[in-house]
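Colleague: final.csv is reproduced below (CSV, C-alpha atoms and all ligand atoms).
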chain,number,residue,atom,x,y,z
A,1,MET,CA,36.1,49.1,-24.6
A,2,ARG,CA,33.6,46.4,-25.5
A,3,LYS,CA,36.3,43.7,-24.9
A,4,GLU,CA,37.0,45.1,-21.4
A,5,LEU,CA,33.3,45.2,-20.6
A,6,LEU,CA,32.9,41.6,-21.8
A,7,GLU,CA,35.8,40.5,-19.6
A,8,LYS,CA,34.3,42.2,-16.7
A,9,ALA,CA,30.9,40.6,-17.3
A,10,LEU,CA,32.4,37.2,-17.7
A,11,SER,CA,34.4,37.6,-14.5
A,12,LEU,CA,31.1,38.2,-12.6
A,13,ILE,CA,29.6,34.8,-13.6
A,14,ASN,CA,29.1,32.7,-10.5
A,15,LEU,CA,28.3,29.1,-11.4
A,16,ASP,CA,27.4,28.2,-7.8
A,17,GLU,CA,24.7,30.8,-7.8
A,18,VAL,CA,23.3,29.4,-11.1
A,19,ILE,CA,23.3,25.9,-9.7
A,20,HIS,CA,21.6,27.1,-6.5
A,21,LEU,CA,19.0,29.0,-8.4
A,22,THR,CA,18.3,26.0,-10.8
A,23,CYS,CA,17.8,23.7,-7.8
A,24,GLU,CA,15.5,26.2,-6.0
A,25,LEU,CA,13.3,26.5,-9.2
A,26,ILE,CA,13.2,22.7,-9.5
A,27,ARG,CA,11.7,22.4,-6.0
A,28,PHE,CA,8.5,24.1,-7.2
A,29,PRO,CA,6.2,21.6,-8.8
A,30,SER,CA,5.1,24.2,-11.3
A,31,LEU,CA,2.9,22.1,-13.6
A,32,THR,CA,1.3,24.1,-16.3
A,33,GLY,CA,-1.6,26.0,-14.8
A,34,SER,CA,0.0,26.4,-11.4
A,35,GLU,CA,3.0,28.6,-11.9
A,36,SER,CA,2.2,31.4,-9.4
A,37,GLU,CA,4.5,30.1,-6.6
A,38,VAL,CA,7.6,29.7,-8.7
A,39,MET,CA,6.9,33.1,-10.2
A,40,GLY,CA,6.7,34.5,-6.7
A,41,TYR,CA,10.1,33.1,-6.0
A,42,ILE,CA,11.4,34.9,-9.1
A,43,GLU,CA,9.8,38.1,-8.0
A,44,GLU,CA,11.7,37.8,-4.7
A,45,TYR,CA,14.9,37.2,-6.7
A,46,CYS,CA,14.4,40.3,-8.8
A,47,TRP,CA,13.6,42.3,-5.7
A,48,LYS,CA,16.8,41.1,-4.0
A,49,LYS,CA,19.0,41.8,-7.1
A,50,GLU,CA,17.2,45.2,-7.6
A,51,LEU,CA,16.0,44.2,-11.1
A,52,PRO,CA,12.9,46.2,-12.1
A,53,TYR,CA,10.1,43.9,-13.1
A,54,GLN,CA,6.5,43.8,-14.0
A,55,ILE,CA,3.9,41.0,-13.9
A,56,PHE,CA,1.5,40.4,-16.7
A,57,LYS,CA,-1.2,37.8,-16.5
A,58,VAL,CA,-4.5,36.7,-17.9
A,59,ARG,CA,-5.1,34.0,-15.3
A,60,GLU,CA,-4.2,34.4,-11.6
A,61,THR,CA,-2.4,31.1,-11.4
A,62,GLN,CA,-0.3,31.7,-14.5
A,63,PRO,CA,1.6,34.9,-14.2
A,64,ASN,CA,4.4,36.1,-16.5
A,65,LEU,CA,7.2,38.2,-15.3
A,66,ILE,CA,9.3,40.7,-17.3
A,67,ALA,CA,12.5,42.1,-15.7
A,68,THR,CA,14.5,44.8,-17.5
A,69,VAL,CA,17.8,46.5,-17.3
A,70,GLY,CA,19.7,49.0,-19.5
A,71,ASN,CA,18.8,52.0,-21.6
A,72,PRO,CA,15.0,52.2,-22.4
A,73,HIS,CA,15.7,54.3,-25.5
A,74,GLY,CA,17.7,51.8,-27.5
A,75,LYS,CA,17.1,48.4,-29.1
A,76,ILE,CA,15.6,45.5,-27.1
A,77,LEU,CA,17.1,42.1,-26.6
A,78,ALA,CA,14.7,39.7,-24.9
A,79,PHE,CA,15.6,36.4,-23.3
A,80,ASN,CA,12.5,34.2,-22.9
A,81,GLY,CA,12.0,31.1,-20.8
A,82,HIS,CA,9.1,29.1,-19.5
A,83,LEU,CA,8.7,28.1,-15.8
A,84,ASP,CA,6.0,25.4,-16.3
A,85,VAL,CA,6.8,21.7,-16.4
A,86,VAL,CA,5.1,18.6,-17.5
A,87,PRO,CA,3.7,16.1,-15.0
A,88,ILE,CA,5.4,12.9,-13.7
A,89,CYS,CA,3.8,9.9,-15.3
A,90,ASP,CA,6.1,7.2,-14.2
A,91,ARG,CA,7.4,8.0,-10.7
A,92,SER,CA,8.9,4.5,-10.3
A,93,MET,CA,11.2,5.1,-13.2
A,94,TRP,CA,12.8,8.1,-11.4
A,95,GLU,CA,16.0,7.3,-9.5
A,96,SER,CA,15.4,10.4,-7.3
A,97,ASN,CA,12.5,12.6,-6.3
A,98,PRO,CA,11.7,14.7,-9.4
A,99,PHE,CA,11.1,17.8,-7.3
A,100,GLU,CA,14.1,17.4,-5.0
A,101,PRO,CA,17.1,18.3,-7.2
A,102,LYS,CA,20.0,15.8,-7.1
A,103,ILE,CA,23.5,16.8,-8.2
A,104,TYR,CA,25.5,13.8,-9.4
A,105,LYS,CA,28.6,13.6,-11.6
A,106,GLY,CA,28.3,17.1,-12.9
A,107,GLN,CA,24.7,16.9,-13.7
A,108,ILE,CA,21.5,18.2,-12.0
A,109,PHE,CA,18.6,15.8,-12.0
A,110,GLY,CA,15.0,16.9,-11.5
A,111,ARG,CA,11.8,17.7,-13.4
A,112,GLY,CA,12.4,20.9,-15.4
A,113,ALA,CA,16.2,20.7,-15.1
A,114,ALA,CA,16.6,20.6,-18.9
A,115,ASP,CA,13.1,21.9,-19.8
A,116,MET,CA,13.9,24.6,-18.9
A,117,LYS,CA,14.5,25.9,-15.4
A,118,SER,CA,18.3,25.7,-15.6
A,119,SER,CA,18.4,28.1,-18.6
A,120,CYS,CA,15.9,30.4,-16.8
A,121,ALA,CA,18.3,30.5,-13.9
A,122,VAL,CA,21.1,31.4,-16.3
A,123,LYS,CA,19.0,34.2,-17.8
A,124,LEU,CA,18.2,35.7,-14.4
A,125,HIS,CA,21.9,35.4,-13.4
A,126,ILE,CA,23.2,37.2,-16.5
A,127,LEU,CA,20.5,39.9,-16.0
A,128,SER,CA,21.8,40.5,-12.5
A,129,ILE,CA,25.3,40.9,-14.0
A,130,LEU,CA,24.2,43.3,-16.7
A,131,LYS,CA,22.4,45.3,-14.0
A,132,GLN,CA,25.8,46.1,-12.5
A,133,LEU,CA,27.1,47.2,-15.9
A,134,GLU,CA,23.9,48.8,-17.3
A,135,ASP,CA,25.4,52.3,-17.7
A,136,ASN,CA,27.4,50.8,-20.6
A,137,LEU,CA,24.3,49.4,-22.4
A,138,GLN,CA,22.9,51.3,-25.4
A,139,GLY,CA,19.7,49.3,-25.3
A,140,THR,CA,17.5,47.2,-23.1
A,141,VAL,CA,18.0,43.6,-22.0
A,142,ARG,CA,14.8,42.0,-20.8
A,143,VAL,CA,14.1,38.6,-19.3
A,144,GLU,CA,10.7,37.2,-19.9
A,145,MET,CA,9.8,34.4,-17.5
A,146,VAL,CA,6.5,32.9,-18.8
A,147,SER,CA,3.9,30.3,-17.9
A,148,ASP,CA,1.8,27.9,-20.1
A,149,GLU,CA,4.4,27.0,-22.7
A,150,GLU,CA,3.9,23.2,-22.3
A,151,ARG,CA,0.2,23.7,-23.2
A,152,GLY,CA,0.9,25.9,-26.2
A,153,GLY,CA,1.7,29.2,-24.5
A,154,ARG,CA,-1.6,31.1,-25.1
A,155,HIS,CA,-1.5,32.5,-21.5
A,156,GLY,CA,2.3,32.9,-21.5
A,157,THR,CA,4.3,34.2,-24.5
A,158,GLY,CA,1.1,34.3,-26.6
A,159,TYR,CA,-0.3,36.9,-24.1
A,160,LEU,CA,2.9,38.9,-24.3
A,161,ILE,CA,2.5,39.0,-28.0
A,162,GLU,CA,-1.1,40.3,-27.6
A,163,LEU,CA,0.2,43.1,-25.4
A,164,ILE,CA,2.9,43.9,-28.0
A,165,ARG,CA,0.3,44.1,-30.7
A,166,ALA,CA,-1.9,46.3,-28.6
A,167,GLY,CA,1.1,48.7,-28.0
A,168,LYS,CA,1.2,47.9,-24.3
A,169,LEU,CA,4.6,46.3,-24.3
A,170,PRO,CA,7.6,47.3,-26.5
A,171,LYS,CA,8.4,44.8,-29.3
A,172,PRO,CA,11.8,43.3,-28.9
A,173,ASP,CA,14.3,43.5,-31.8
A,174,TRP,CA,15.7,40.1,-31.1
A,175,VAL,CA,14.6,37.1,-29.0
A,176,ILE,CA,16.7,34.3,-27.5
A,177,ILE,CA,14.9,31.3,-26.0
A,178,GLY,CA,16.8,29.0,-23.8
A,179,GLU,CA,15.2,25.6,-24.7
A,180,LYS,CA,17.8,22.8,-24.8
A,181,SER,CA,19.8,22.9,-28.0
A,182,ASP,CA,23.0,21.3,-26.9
A,183,LEU,CA,24.8,24.6,-27.2
A,184,LYS,CA,24.0,24.7,-30.9
A,185,ILE,CA,22.2,27.5,-32.7
A,186,ARG,CA,18.7,26.6,-33.5
A,187,CYS,CA,17.0,28.8,-36.1
A,188,ALA,CA,13.9,26.7,-37.0
A,189,GLU,CA,11.3,24.4,-35.7
A,190,ARG,CA,8.7,22.1,-37.1
A,191,GLY,CA,5.0,23.1,-36.9
A,192,THR,CA,2.1,21.0,-35.7
A,193,PHE,CA,-0.8,19.5,-37.5
A,194,ILE,CA,-3.0,17.4,-35.2
A,195,TYR,CA,-6.2,15.9,-36.5
A,196,LYS,CA,-8.8,13.4,-35.6
A,197,VAL,CA,-10.2,10.9,-38.0
A,198,ILE,CA,-13.5,9.2,-37.4
A,199,ILE,CA,-14.1,6.1,-39.5
A,200,LYS,CA,-17.8,5.2,-39.9
A,201,GLY,CA,-18.4,1.6,-41.0
A,202,ARG,CA,-21.3,-0.8,-40.3
A,203,SER,CA,-21.8,-2.9,-37.2
A,204,THR,CA,-23.1,-6.5,-37.3
A,205,HIS,CA,-22.7,-9.8,-35.5
A,206,THR,CA,-19.3,-11.4,-35.9
A,207,PHE,CA,-20.7,-14.4,-37.8
A,208,SER,CA,-21.8,-12.1,-40.7
A,209,ALA,CA,-18.7,-9.8,-40.5
A,210,ARG,CA,-17.8,-10.8,-44.1
A,211,VAL,CA,-21.4,-10.4,-45.3
A,212,ASP,CA,-22.8,-7.1,-44.2
A,213,GLY,CA,-20.2,-5.7,-41.7
A,214,VAL,CA,-17.8,-2.9,-42.5
A,215,ASN,CA,-15.2,-3.1,-39.7
A,216,ALA,CA,-14.1,0.5,-38.8
A,217,VAL,CA,-11.1,-0.8,-36.8
A,218,TYR,CA,-9.7,-2.6,-39.9
A,219,ILE,CA,-10.1,0.5,-42.0
A,220,ALA,CA,-8.4,2.7,-39.3
A,221,ALA,CA,-5.5,0.2,-39.1
A,222,ARG,CA,-5.1,0.3,-42.9
A,223,ALA,CA,-5.2,4.1,-42.9
A,224,ILE,CA,-2.7,4.3,-40.1
A,225,SER,CA,-0.2,2.0,-41.8
A,226,GLN,CA,-0.6,4.1,-45.0
A,227,LEU,CA,0.1,7.3,-43.1
A,228,GLU,CA,3.2,5.8,-41.5
A,229,LYS,CA,5.1,5.6,-44.8
A,230,PRO,CA,8.5,7.2,-44.6
A,231,PHE,CA,8.7,10.8,-45.9
A,232,LYS,CA,10.9,11.2,-49.0
A,233,GLN,CA,11.9,14.9,-48.7
A,234,ALA,CA,13.9,16.3,-45.8
A,235,HIS,CA,13.9,20.0,-45.2
A,236,PRO,CA,17.5,21.3,-45.1
A,237,VAL,CA,17.1,23.0,-41.7
A,238,VAL,CA,14.6,20.9,-39.7
A,239,GLY,CA,15.0,17.5,-41.4
A,240,TYR,CA,12.1,15.2,-42.1
A,241,PRO,CA,8.5,15.7,-41.0
A,242,VAL,CA,7.4,13.3,-38.2
A,243,ILE,CA,4.1,11.5,-37.8
A,244,SER,CA,2.8,9.6,-34.9
A,245,VAL,CA,-0.7,8.2,-34.2
A,246,ASN,CA,-1.1,8.8,-30.5
A,247,TYR,CA,-4.7,7.8,-29.7
A,248,ILE,CA,-7.1,5.3,-31.1
A,249,GLN,CA,-10.5,4.0,-29.9
A,250,GLY,CA,-13.0,1.7,-31.5
A,251,GLY,CA,-15.4,-1.2,-30.8
A,252,LYS,CA,-18.0,-1.7,-28.1
A,253,ALA,CA,-18.4,-5.5,-27.7
A,254,PHE,CA,-16.3,-8.6,-28.3
A,255,ASN,CA,-18.9,-10.2,-30.6
A,256,GLN,CA,-19.9,-7.1,-32.6
A,257,VAL,CA,-18.1,-5.7,-35.7
A,258,PRO,CA,-17.3,-2.1,-34.8
A,259,ALA,CA,-19.0,0.6,-36.7
A,260,ILE,CA,-16.9,3.5,-35.4
A,261,CYS,CA,-13.2,3.9,-34.9
A,262,GLU,CA,-11.5,7.2,-34.2
A,263,PHE,CA,-7.8,8.0,-34.1
A,264,VAL,CA,-5.7,11.1,-33.6
A,265,VAL,CA,-2.6,11.9,-35.7
A,266,ASP,CA,0.2,14.2,-34.5
A,267,ARG,CA,2.0,15.3,-37.7
A,268,ARG,CA,5.0,17.6,-37.2
A,269,THR,CA,5.5,19.8,-40.3
A,270,VAL,CA,8.4,21.4,-42.0
A,271,PRO,CA,8.7,25.0,-43.4
A,272,GLY,CA,6.7,25.3,-46.6
A,273,GLU,CA,4.0,22.7,-46.0
A,274,THR,CA,0.6,24.3,-46.3
A,275,LEU,CA,-2.5,23.4,-44.4
A,276,GLU,CA,-4.2,22.4,-47.6
A,277,GLU,CA,-1.3,20.0,-48.5
A,278,LEU,CA,-1.4,18.5,-45.0
A,279,LYS,CA,-5.1,17.9,-45.1
A,280,GLY,CA,-4.7,16.5,-48.7
A,281,GLU,CA,-2.1,13.9,-47.4
A,282,ALA,CA,-4.7,12.5,-44.9
A,283,ILE,CA,-7.7,12.7,-47.3
A,284,GLY,CA,-5.7,11.0,-50.1
A,285,VAL,CA,-5.1,8.0,-47.9
A,286,LEU,CA,-8.8,7.8,-46.8
A,287,GLU,CA,-10.2,8.3,-50.3
A,288,ASP,CA,-7.9,5.5,-51.6
A,289,LEU,CA,-9.4,3.1,-49.0
A,290,LYS,CA,-12.9,4.0,-50.0
A,291,ARG,CA,-12.2,2.1,-53.2
A,292,GLU,CA,-11.9,-1.0,-51.2
A,293,TYR,CA,-14.4,-0.4,-48.3
A,294,ASP,CA,-17.8,1.0,-48.0
A,295,PHE,CA,-17.4,3.6,-45.3
A,296,THR,CA,-17.5,7.4,-44.6
A,297,TYR,CA,-15.3,9.5,-42.5
A,298,ASP,CA,-14.9,12.8,-40.7
A,299,LEU,CA,-11.7,14.6,-40.4
A,300,GLU,CA,-11.4,17.3,-37.7
A,301,VAL,CA,-8.3,19.5,-37.4
A,302,LEU,CA,-7.6,19.8,-33.7
A,303,SER,CA,-4.6,22.1,-33.9
A,304,HIS,CA,-2.4,23.7,-36.5
A,305,SER,CA,0.7,25.9,-36.2
A,306,GLU,CA,3.1,26.5,-39.0
A,307,ALA,CA,6.7,25.6,-38.9
A,308,SER,CA,8.8,28.7,-38.3
A,309,MET,CA,12.3,29.8,-39.2
A,310,THR,CA,14.7,32.6,-38.7
A,311,ASP,CA,17.0,33.2,-41.6
A,312,GLN,CA,20.5,32.0,-41.0
A,313,ASN,CA,21.8,35.3,-42.4
A,314,GLU,CA,20.1,37.4,-39.8
A,315,PRO,CA,22.6,39.6,-37.8
A,316,ILE,CA,21.7,37.9,-34.5
A,317,VAL,CA,22.8,34.5,-36.0
A,318,LYS,CA,26.1,36.1,-37.1
A,319,VAL,CA,26.6,37.6,-33.6
A,320,PHE,CA,26.1,34.2,-32.1
A,321,GLN,CA,28.6,32.6,-34.5
A,322,THR,CA,31.2,35.3,-33.7
A,323,VAL,CA,30.8,35.1,-30.0
A,324,LEU,CA,31.0,31.3,-30.0
A,325,ARG,CA,34.1,31.4,-32.3
A,326,ASP,CA,36.0,34.4,-30.8
A,327,VAL,CA,35.0,34.4,-27.1
A,328,LEU,CA,34.4,30.7,-26.4
A,329,ASN,CA,36.6,29.0,-29.0
A,330,ILE,CA,33.7,26.8,-30.0
A,331,GLN,CA,33.0,26.0,-33.6
A,332,PRO,CA,29.4,27.2,-34.1
A,333,GLU,CA,27.0,24.6,-35.2
A,334,PHE,CA,23.3,24.6,-36.2
A,335,PHE,CA,20.9,22.4,-34.3
A,336,LEU,CA,18.9,20.6,-37.0
A,337,ASP,CA,16.7,17.7,-36.0
A,338,TRP,CA,13.9,18.6,-33.6
A,339,ALA,CA,10.2,17.8,-33.5
A,340,GLY,CA,9.1,19.9,-30.6
A,341,GLY,CA,7.5,23.4,-31.0
A,342,THR,CA,8.6,26.3,-28.7
A,343,ASP,CA,7.4,29.8,-28.0
A,344,ALA,CA,9.7,30.9,-30.8
A,345,LYS,CA,6.7,30.5,-33.2
A,346,TYR,CA,5.0,33.5,-31.6
A,347,TYR,CA,7.9,35.9,-32.0
A,348,ARG,CA,8.7,34.6,-35.5
A,349,LYS,CA,5.1,35.2,-36.6
A,350,LEU,CA,5.5,38.8,-35.3
A,351,GLY,CA,8.6,39.1,-37.6
A,352,VAL,CA,11.2,39.2,-34.7
A,353,PRO,CA,14.4,37.2,-35.4
A,354,THR,CA,14.3,34.5,-32.8
A,355,ILE,CA,17.0,32.0,-31.8
A,356,ILE,CA,16.9,29.0,-29.6
A,357,TYR,CA,20.1,28.5,-27.7
A,358,GLY,CA,20.2,26.3,-24.6
A,359,PRO,CA,22.3,23.9,-22.6
A,360,LEU,CA,23.2,20.2,-22.8
A,361,GLY,CA,20.9,17.8,-21.0
A,362,ASP,CA,18.4,15.1,-21.7
A,363,HIS,CA,15.2,13.1,-20.8
A,364,ARG,CA,12.9,16.2,-21.1
A,365,HIS,CA,9.3,15.2,-20.3
A,366,GLY,CA,10.6,11.7,-19.2
A,367,PRO,CA,12.1,10.2,-16.0
A,368,ASN,CA,15.5,11.2,-14.7
A,369,GLU,CA,15.6,14.5,-16.6
A,370,TYR,CA,19.0,16.2,-16.2
A,371,ILE,CA,21.2,19.1,-17.2
A,372,GLN,CA,24.9,19.2,-17.7
A,373,ILE,CA,26.3,21.7,-15.2
A,374,ASP,CA,29.3,22.9,-17.2
A,375,SER,CA,27.1,23.7,-20.2
A,376,LEU,CA,25.3,26.3,-18.0
A,377,GLU,CA,28.6,28.2,-17.7
A,378,THR,CA,29.0,28.2,-21.4
A,379,LEU,CA,25.4,29.3,-21.8
A,380,ALA,CA,26.0,32.3,-19.4
A,381,LYS,CA,29.1,33.3,-21.3
A,382,THR,CA,27.4,33.1,-24.6
A,383,TYR,CA,24.3,35.1,-23.5
A,384,LEU,CA,26.5,37.8,-22.0
A,385,GLY,CA,28.7,37.9,-25.2
A,386,VAL,CA,25.7,38.2,-27.4
A,387,ALA,CA,24.0,40.9,-25.2
A,388,ILE,CA,27.1,43.0,-25.1
A,389,SER,CA,27.8,42.6,-28.8
A,390,LEU,CA,24.3,43.6,-29.7
A,391,LEU,CA,23.8,46.5,-27.3
A,392,THR,CA,27.2,48.3,-26.9
A,401,ZN,ZN,10.4,23.7,-22.9
Can I see the file as structure tokens?
Ligand SMILES: [Zn+2]

Modeller:
Amino acid sequence: MRKELLEKALSLINLDEVIHLTCELIRFPSLTGSESEVMGYIEEYCWKKELPYQIFKVRETQPNLIATVGNPHGKILAFNGHLDVVPICDRSMWESNPFEPKIYKGQIFGRGAADMKSSCAVKLHILSILKQLEDNLQGTVRVEMVSDEERGGRHGTGYLIELIRAGKLPKPDWVIIGEKSDLKIRCAERGTFIYKVIIKGRSTHTFSARVDGVNAVYIAARAISQLEKPFKQAHPVVGYPVISVNYIQGGKAFNQVPAICEFVVDRRTVPGETLEELKGEAIGVLEDLKREYDFTYDLEVLSHSEASMTDQNEPIVKVFQTVLRDVLNIQPEFFLDWAGGTDAKYYRKLGVPTIIYGPLGDHRHGPNEYIQIDSLETLAKTYLGVAISLLT
């Protein structure tokens, strides 16, 4: 029975419809903070496909849409995807208009093609298929189209979590997020520890730099090169931590030793690293330098979110592996090396097993972002296989 149902579901996949929907979504320049128009388009889609939906929002310009099919009394499988995109910094590097999708050699180019409008299109498409078969479902499939992910997700998935905690929205039993994962199962992601260091030395005229000056820029440079040392220990699931100093400012005049230099460090963490350890890493470097230089410093934590992980033995992981092996003839692989955080962190914190599984593509956040069209078909098949396995 389940096999027949799956065959029926797979036969309803229409790749042209997925391509069309992806292109339509790319046409909306839905930068974080202005997602209402693209969400309006999705409302229209749900209305046309007779998918019941609700809108949840904290901010007028950043709505979130949840569409649901199936049996409201059973378990809940949620597919989550964000509709916001990052800005275009370097238009001249794009070979086509980032908001006018271009199909070329089996790929769709455009801002959001990979991150993550194509997989949102797949989710909506499979929901419309499951709608036609919903009498067979013993539980609910819901698609969450959210805003605000690229700025941390507080008004998007973060808000949905608030509603779940307040008992205003049912808590899903499993969550699948369609961020790019090259069709590999991604069970974990690094956390974020971003901090600002302000080095306070002593200013003076350049001619007495070696006499009574304490050059804050030198000290910052030394601290940065110490922090940049390679990490010894890799985590088996997410690989090495990553560190990058992404901002620095110091000095006021060409002929004055700078008293102040500040820099911001973006440190991506691996499961098991505590906030205390992370602070200790930075403070250790600065305290060492105090033996050589007469300075003080402030260290301010700008943001911290823990690395998160779903156990590879969770049933949803096993279901993914079975579907990939038996339905798609793909040897299941785990996606390991990844620095970016996703909305998975919210659901994992809530204790919901959460998997990232998304298409093949590249240049996310950069010029000429694209998605591989054939991977969208595999994605649709996998999502349908997993939904039917979990809910029938
Ligand atoms: Zn994304």

Colleague: Go ahead and compute the interatomic distance for CA of Lys180 in chain A and CA of Lys123 in chain A, in Å to one decimal.

Modeller: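 A separation of 13.4 Å between them.
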
Colleague: Can you tell me which residues come within 7 Å of ligand ZN 401 (chain A) when counting all atoms listed in the file, ideally as a tab-separated table (two decimals) with C-alpha atoms, in the coordinates of the input?

Modeller:
chain	number	residue	atom	x	y	z
A	82	HIS	CA	9.10	29.10	-19.50
A	115	ASP	CA	13.10	21.90	-19.80
A	116	MET	CA	13.90	24.60	-18.90
A	149	GLU	CA	4.40	27.00	-22.70
A	150	GLU	CA	3.90	23.20	-22.30
A	179	GLU	CA	15.20	25.60	-24.70
A	342	THR	CA	8.60	26.30	-28.70

Colleague: What's the 10 Å shell around Ile55 in chain A, counting only C-alpha atoms, without same-chain residues fewer than 5 positions away, as a CSV table (one decimal) with C-alpha atoms, in the coordinates of the input?

Modeller:
chain,number,residue,atom,x,y,z
A,39,MET,CA,6.9,33.1,-10.2
A,43,GLU,CA,9.8,38.1,-8.0
A,63,PRO,CA,1.6,34.9,-14.2
A,64,ASN,CA,4.4,36.1,-16.5
A,65,LEU,CA,7.2,38.2,-15.3
A,66,ILE,CA,9.3,40.7,-17.3
A,67,ALA,CA,12.5,42.1,-15.7
A,144,GLU,CA,10.7,37.2,-19.9
A,145,MET,CA,9.8,34.4,-17.5
A,146,VAL,CA,6.5,32.9,-18.8

Colleague: Hey, which of A:Thr392, A:Thr310, A:Ser225, A:Gln256 ends up closest to Val352 in chain A? Count all atoms listed in the file.

Modeller: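 Going through A:Thr392, A:Thr310, A:Ser225, A:Gln256 one by one, the smallest distance to Val352 in chain A is for A:Thr310.
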
Colleague: Residues near Phe295 in chain A, anyone? I mean within 12 Å using only C-alpha atoms, not counting same-chain ones fewer than 6 positions away, as a ChimeraX atom specification.

Modeller: /A:198-203,213-220,258-261,286-289

Colleague: How many Å lie between CA of Ile19 in chain A and CA of Val141 in chain A, rounded to one decimal?

Modeller: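 Separating CA of Ile19 in chain A from CA of Val141 in chain A is a distance of 22.2 Å.
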
Colleague: Got a sec: who's within 9 Å of Pro271 in chain A, counting only C-alpha atoms, leaving out chain neighbours fewer than 3 positions off, as a short mmCIF file (atom, residue, chain, number, x, y, z; two decimals) with C-alpha atoms, keeping the file's coordinate frame?

Modeller:
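Dumped to selection28.cif:
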data_model
loop_
_atom_site.label_atom_id
_atom_site.label_comp_id
_atom_site.auth_asym_id
_atom_site.auth_seq_id
_atom_site.Cartn_x
_atom_site.Cartn_y
_atom_site.Cartn_z
CA ALA A 188 13.90 26.70 -37.00
CA GLU A 189 11.30 24.40 -35.70
CA ARG A 190 8.70 22.10 -37.10
CA GLY A 191 5.00 23.10 -36.90
CA HIS A 235 13.90 20.00 -45.20
CA VAL A 237 17.10 23.00 -41.70
CA VAL A 238 14.60 20.90 -39.70
CA THR A 274 0.60 24.30 -46.30
CA GLU A 306 3.10 26.50 -39.00
CA ALA A 307 6.70 25.60 -38.90
CA SER A 308 8.80 28.70 -38.30
CA MET A 309 12.30 29.80 -39.20
#
